[in-house]
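*Asks:* Please see the structure below; I have some questions.
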2 protein chains.
Amino acid sequence: MNINGKHYHTIWLKENDPKTIQIIDQRLLPFKFKTQDLKTIEDAFTAIKEMWVRGAPLIGVTAAYGLYLGLLGLNDTENLDQKITDLSRYLESSRPTAVNLKYAIDLILEKIKSAKSLNEKIKIAFETANQLKADEIENCRLIGENGFPLIEKISKTKNGETVNILTHCNAGWLACVDYGTATAPIYLAHEKGINIHVWVDETRPRNQGARLTAFELDQQGIPHTVIADNTGGLLMQKGMVDMVIVGSDRTSANGDVANKIGTYLKALAAFDNRIPFYAALPLSTIDWGINDGVKEIPIEQRDEEEVKYVEGWHNNKITKVRIMPENSPVVNYGFDVTPAKYVTALITEKGVCNANKKDIEHFKK
Amino acid sequence: MNINGKHYHTIWLKENDPKTIQIIDQRLLPFKFKTQDLKTIEDAFTAIKEMWVRGAPLIGVTAAYGLYLGLLGLNDTENLDQKITDLSRYLESSRPTAVNLKYAIDLILEKIKSAKSLNEKIKIAFETANQLKADEIENCRLIGENGFPLIEKISKTKNGETVNILTHCNAGWLACVDYGTATAPIYLAHEKGINIHVWVDETRPRNQGARLTAFELDQQGIPHTVIADNTGGLLMQKGMVDMVIVGSDRTSANGDVANKIGTYLKALAAFDNRIPFYAALPLSTIDWGINDGVKEIPIEQRDEEEVKYVEGWHNNKITKVRIMPENSPVVNYGFDVTPAKYVTALITEKGVCNANKKDIEHFKK
């Protein structure tokens, strides 16, 4: 998608230099646009750990290129297997709970296993990382294609009047490589000339909605309005929301959707006001071993500081302000689980399906 | 209630100087505790307009004392009635939408109407302001008495284990004169030795929960935890909330509750998880002329800056940081309306009643 009118992916090979990977330093968005060069596996480790890149698909692709950079950095081939194992473990430790991180690393390890020389392993790792990136883009593109008719239908019902879509957090292209998941149908609808407007939940505590989703939509020229997370219910009551589209971090086999904390509250409000609520997700987020997401999906607890302080732009730099008493305790849960009964449908790269075990299983290979 | 171990009201007469009113400068809380002297009607005007004081009951009492200060400042009695009308209009314009402001001023105007001399009017205005303050305290105390058994009952059901209460925004003593509304039963339960713990919604955009409710509870030594507004649903799903108590800015005759934006979302989650949801309110907030709160109660739109910027403490001063793209639009609705069907009961100074027209009318004089 676009930044300052130029097309970007979230990660790419430096022009004329396939030994350097470039990324957008997302910590500075939306205040400042800055790219970073990753030349070593240590650079990739830092980019993942310090959240220069974030979002499951992007973390996976960054890890794949990171391992490739690690192989490039090996200068003798004694104990090669051990060295590769060490590199992998090091990279995995950058964000231990990120499933896509481990998936990407394992994928490369599997592919390079039978290659005999380091050079051959490097070549395969590079190709695998490129392919993983291409697959992520294609999945998002297909989610867009499959979700688009849902927007188009509402637009027709409203005789072309603006379709108001509410989204929570950033399931946008910045979390992926291009298009995004929840945003893919939105971008496609805009491209096809459908009148849309997006309500962007700011998404405390990290404000990824206000910072990243609003930035994406602004750069793409899509009408949008940022709201406090408390506001969605009122807008739905007042008939100002036609549909909700969110992403998913993990989806149970029965269709329960784990997504950024607060998603469940919006799903309840959508249900109460008979507004369709969609989760857009690559099938890789479905955890086939879990049949009751509400009971079984563990909920990550994050740093208290994210609630206690708010980060923003002040005097031309990122500044954190404390918003509560120094001594008051805090808890910071990363996501919640929306029960399948409140999910109108799942939008995947293979098509749209109802949020129940039987329908989801049609997509299982 | 207490601040730094000393008992305070939110507004009081200066010791040995009944011509000076003192208040807490609430703009600086919880970061700094500072009192302000109000010596003129202009001081009271500024205190209300610039939100040194906030909360409907406290605004009312401040206005009452403000008009008293205005009368004190009159030094000749020519055209006295006109001068008093001018003072009243001036004071009313400090926050035109605050119902309690107008109520307090009208009350004093009515009481002083028949008094002949300025001195007599001053005396009556002073007594009326004192009485209004005493009434506000007594109403909150009674709300506490009436709400307490609801907490006690849950405590007994749990065999004395901690009762977890979720509250939204600040319906605490800082919004009133003492005790608060939603907090009154909480303070009483704590005083009576019941084990309680309060989940405090930070309450974006103005963060009155994180700033004021957390401060109140911290100062009172009541166990509490601050959470992002997105978190309540998850906590309820996980069985970590036993009851919800919120305040009300306006209640329709059929029991719909207008309160700080986001209240409705918490009510939906409470309903979905079979958790009792109470609104604590003085009967003065009931609008007997409105029978469908969701349709009829107008929703105030506030300044965009409150969403776009977050105010907090940085380098030992109040600092605002921008949390989103400069150009993205914002809307900022002040409150929402929770339909009566999601309200378990109303806690008032006259007792607890179901949120329906028939039961509420028993409390109508």
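Every chain in the structure tokens takes a letter, A first, then B, and so on in the order presented; its residues are numbered from 1, and the ligands are numbered from 1 following the presented order.
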Which segment 237-272 of chain B residues have any atom within 12 Å of an atom of segment 326-350 of chain A, and for each, what is the nearest pair of atoms with distance in Å to one decimal, counting only C-alpha atoms, rows sorted by chain and number, as a tab-separated table?
*Replies:*
residue	atom	partner	partner_atom	distance
B:Gln237	CA	A:Val337	CA	8.9
B:Lys238	CA	A:Asp336	CA	10.0
B:Ala269	CA	A:Thr338	CA	11.1
B:Asp272	CA	A:Pro339	CA	10.8
*Asks:* Name all residues at most 12 Å from Cys176 of chain A (count only C-alpha atoms; drop same-chain ones fewer than 6 positions away) and give them as a PyMOL selection string.
*Replies:* chain A and resi 1+8-11+23-24+53-62+100+132-141+170+182-184+247+281-282
*Asks:* Between B:Ile112, B:Leu283, B:Leu29, B:Ala47, which is the closest to chain A once you count only C-alpha atoms?
*Replies:* B:Leu29
*Asks:* Excluding same-chain residues fewer than 6 positions from Ala64 of chain A, what lies within 8 Å of it counting only C-alpha atoms, as number ranges by chain?
*Replies:* A: 104-105, 108, 125, 128-129, 132
*Asks:* Here is a test: counting only C-alpha atoms, which residue of B:Ile290, B:Leu101, B:Leu235, B:Val177 is nearest to chain A?
*Replies:*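 Going through B:Ile290, B:Leu101, B:Leu235, B:Val177 one by one, the smallest distance to chain A is for B:Leu235.
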*Asks:* Which of these residues is nearest to chain A, using only C-alpha atoms: B:Ala267, B:Ile48, B:Cys353, B:Leu166?
*Replies:*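 Closest candidate: B:Ala267.
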*Asks:* Between A:Tyr103, A:Phe31, A:Phe271, A:Trp52, which residue has the minimum interatomic distance to chain B, considering only C-alpha atoms?
*Replies:* A:Phe31
*Asks:* Which of these residues is nearest to chain B, using only C-alpha atoms: A:Lys14, A:Lys116, A:His224, A:Lys19?
*Replies:*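 Among A:Lys14, A:Lys116, A:His224, A:Lys19, it is A:His224 that comes nearest to chain B.
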*Asks:* What is the distance, in Å and to one decimal place, between atom CA of Met51 of chain B and atom CA of Ile318 of chain A?
*Replies:*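 Taking atom CA of Met51 of chain B and atom CA of Ile318 of chain A, their separation equals 28.1 Å.
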*Asks:* Rounded to one decimal, what separation in Å do you get between atom CA of Tyr309 of chain B and atom CA of Ile227 of chain B?
*Replies:*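 Between atom CA of Tyr309 of chain B and atom CA of Ile227 of chain B the gap works out to 19.2 Å.
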*Asks:* Please run DSSP on the backbone and report, as JSON, numbers by chain, all residues within segment 228-358 of chain A that come out as strand (DSSP E or B).
*Replies:* {"A": [243, 244, 245, 246, 250, 251, 252, 257, 258, 259, 260, 277, 278, 279, 280, 286, 287, 301, 309, 310, 311, 312, 313, 314, 317, 318, 319, 320, 321, 322, 330, 333, 335, 336, 337, 338, 345, 346, 347, 348, 351, 352, 353]}
*Asks:* Can you work out the spacing between atom CA of Pro298 of chain B and atom CA of Asp201 of chain A in Å, to one decimal?
*Replies:* 22.5 Å
*Asks:* Pick out the residues sitting within 10 Å of Ile186 of chain A, and hand them over as a list in words; count only C-alpha atoms, and ignore anything fewer than 6 positions along from it in its own chain.
*Replies:*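 Everything that qualifies: Gly144, Gly147, Phe148, Ile151, Ile165, Gly172, Tyr179, Gly180, Lys192, Ile194, Ile196, His197, Val198, Leu217, Ile222 and Ile245 of chain A.
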*Asks:* I need the residue nearest chain B from this list: A:Asp218, A:Glu300, A:Asp256, A:Asp106. Use only C-alpha atoms for the distance.
*Replies:* A:Asp218
*Asks:* Could you pull out the helix (DSSP H, G or I) residues of segment 55-209 of chain B, going by DSSP on the backbone, and write them as a VMD selection string?
*Replies:* chain B and resid 56 to 72 80 to 92 99 to 112 118 to 157 173 to 175 184 to 191 208 to 209
*Asks:* Can you list, as a PyMOL selection string, every protein, DNA or RNA residue that comes within 9 Å of Asn230 of chain B when you count only C-alpha atoms, leaving out same-chain residues fewer than 3 positions away?
*Replies:* (chain A and resi 203-205+229-230+260-265) or (chain B and resi 201+227+233-234)
*Asks:* Would you kindly return, as a list in words, each protein, DNA or RNA residue with an atom no farther than 10 Å from any atom of Asn119 of chain A, considering only C-alpha atoms and excluding same-chain residues fewer than 4 positions away?
*Replies:*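 In the requested format, the answer is Leu71, Leu72, Ala115, Lys123, Ile124 and Ala125 of chain A.
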*Asks:* Select from segment 225-344 of chain B every residue with an atom at most 12 Å from any atom of segment 152-163 of chain B, then for each give the shortest pair of atoms and their distance in Å to one decimal, using only C-alpha atoms, rows by chain and rising number, as JSON lines.
*Replies:*
{"residue": "B:Gly239", "atom": "CA", "partner": "B:Val163", "partner_atom": "CA", "distance": 11.2}
{"residue": "B:Met240", "atom": "CA", "partner": "B:Val163", "partner_atom": "CA", "distance": 9.2}
{"residue": "B:Val241", "atom": "CA", "partner": "B:Val163", "partner_atom": "CA", "distance": 7.8}
{"residue": "B:Asp242", "atom": "CA", "partner": "B:Val163", "partner_atom": "CA", "distance": 6.2}
{"residue": "B:Met243", "atom": "CA", "partner": "B:Val163", "partner_atom": "CA", "distance": 8.0}
{"residue": "B:Val244", "atom": "CA", "partner": "B:Val163", "partner_atom": "CA", "distance": 10.7}
{"residue": "B:Ile275", "atom": "CA", "partner": "B:Ile154", "partner_atom": "CA", "distance": 11.1}
{"residue": "B:Pro276", "atom": "CA", "partner": "B:Ile154", "partner_atom": "CA", "distance": 10.3}
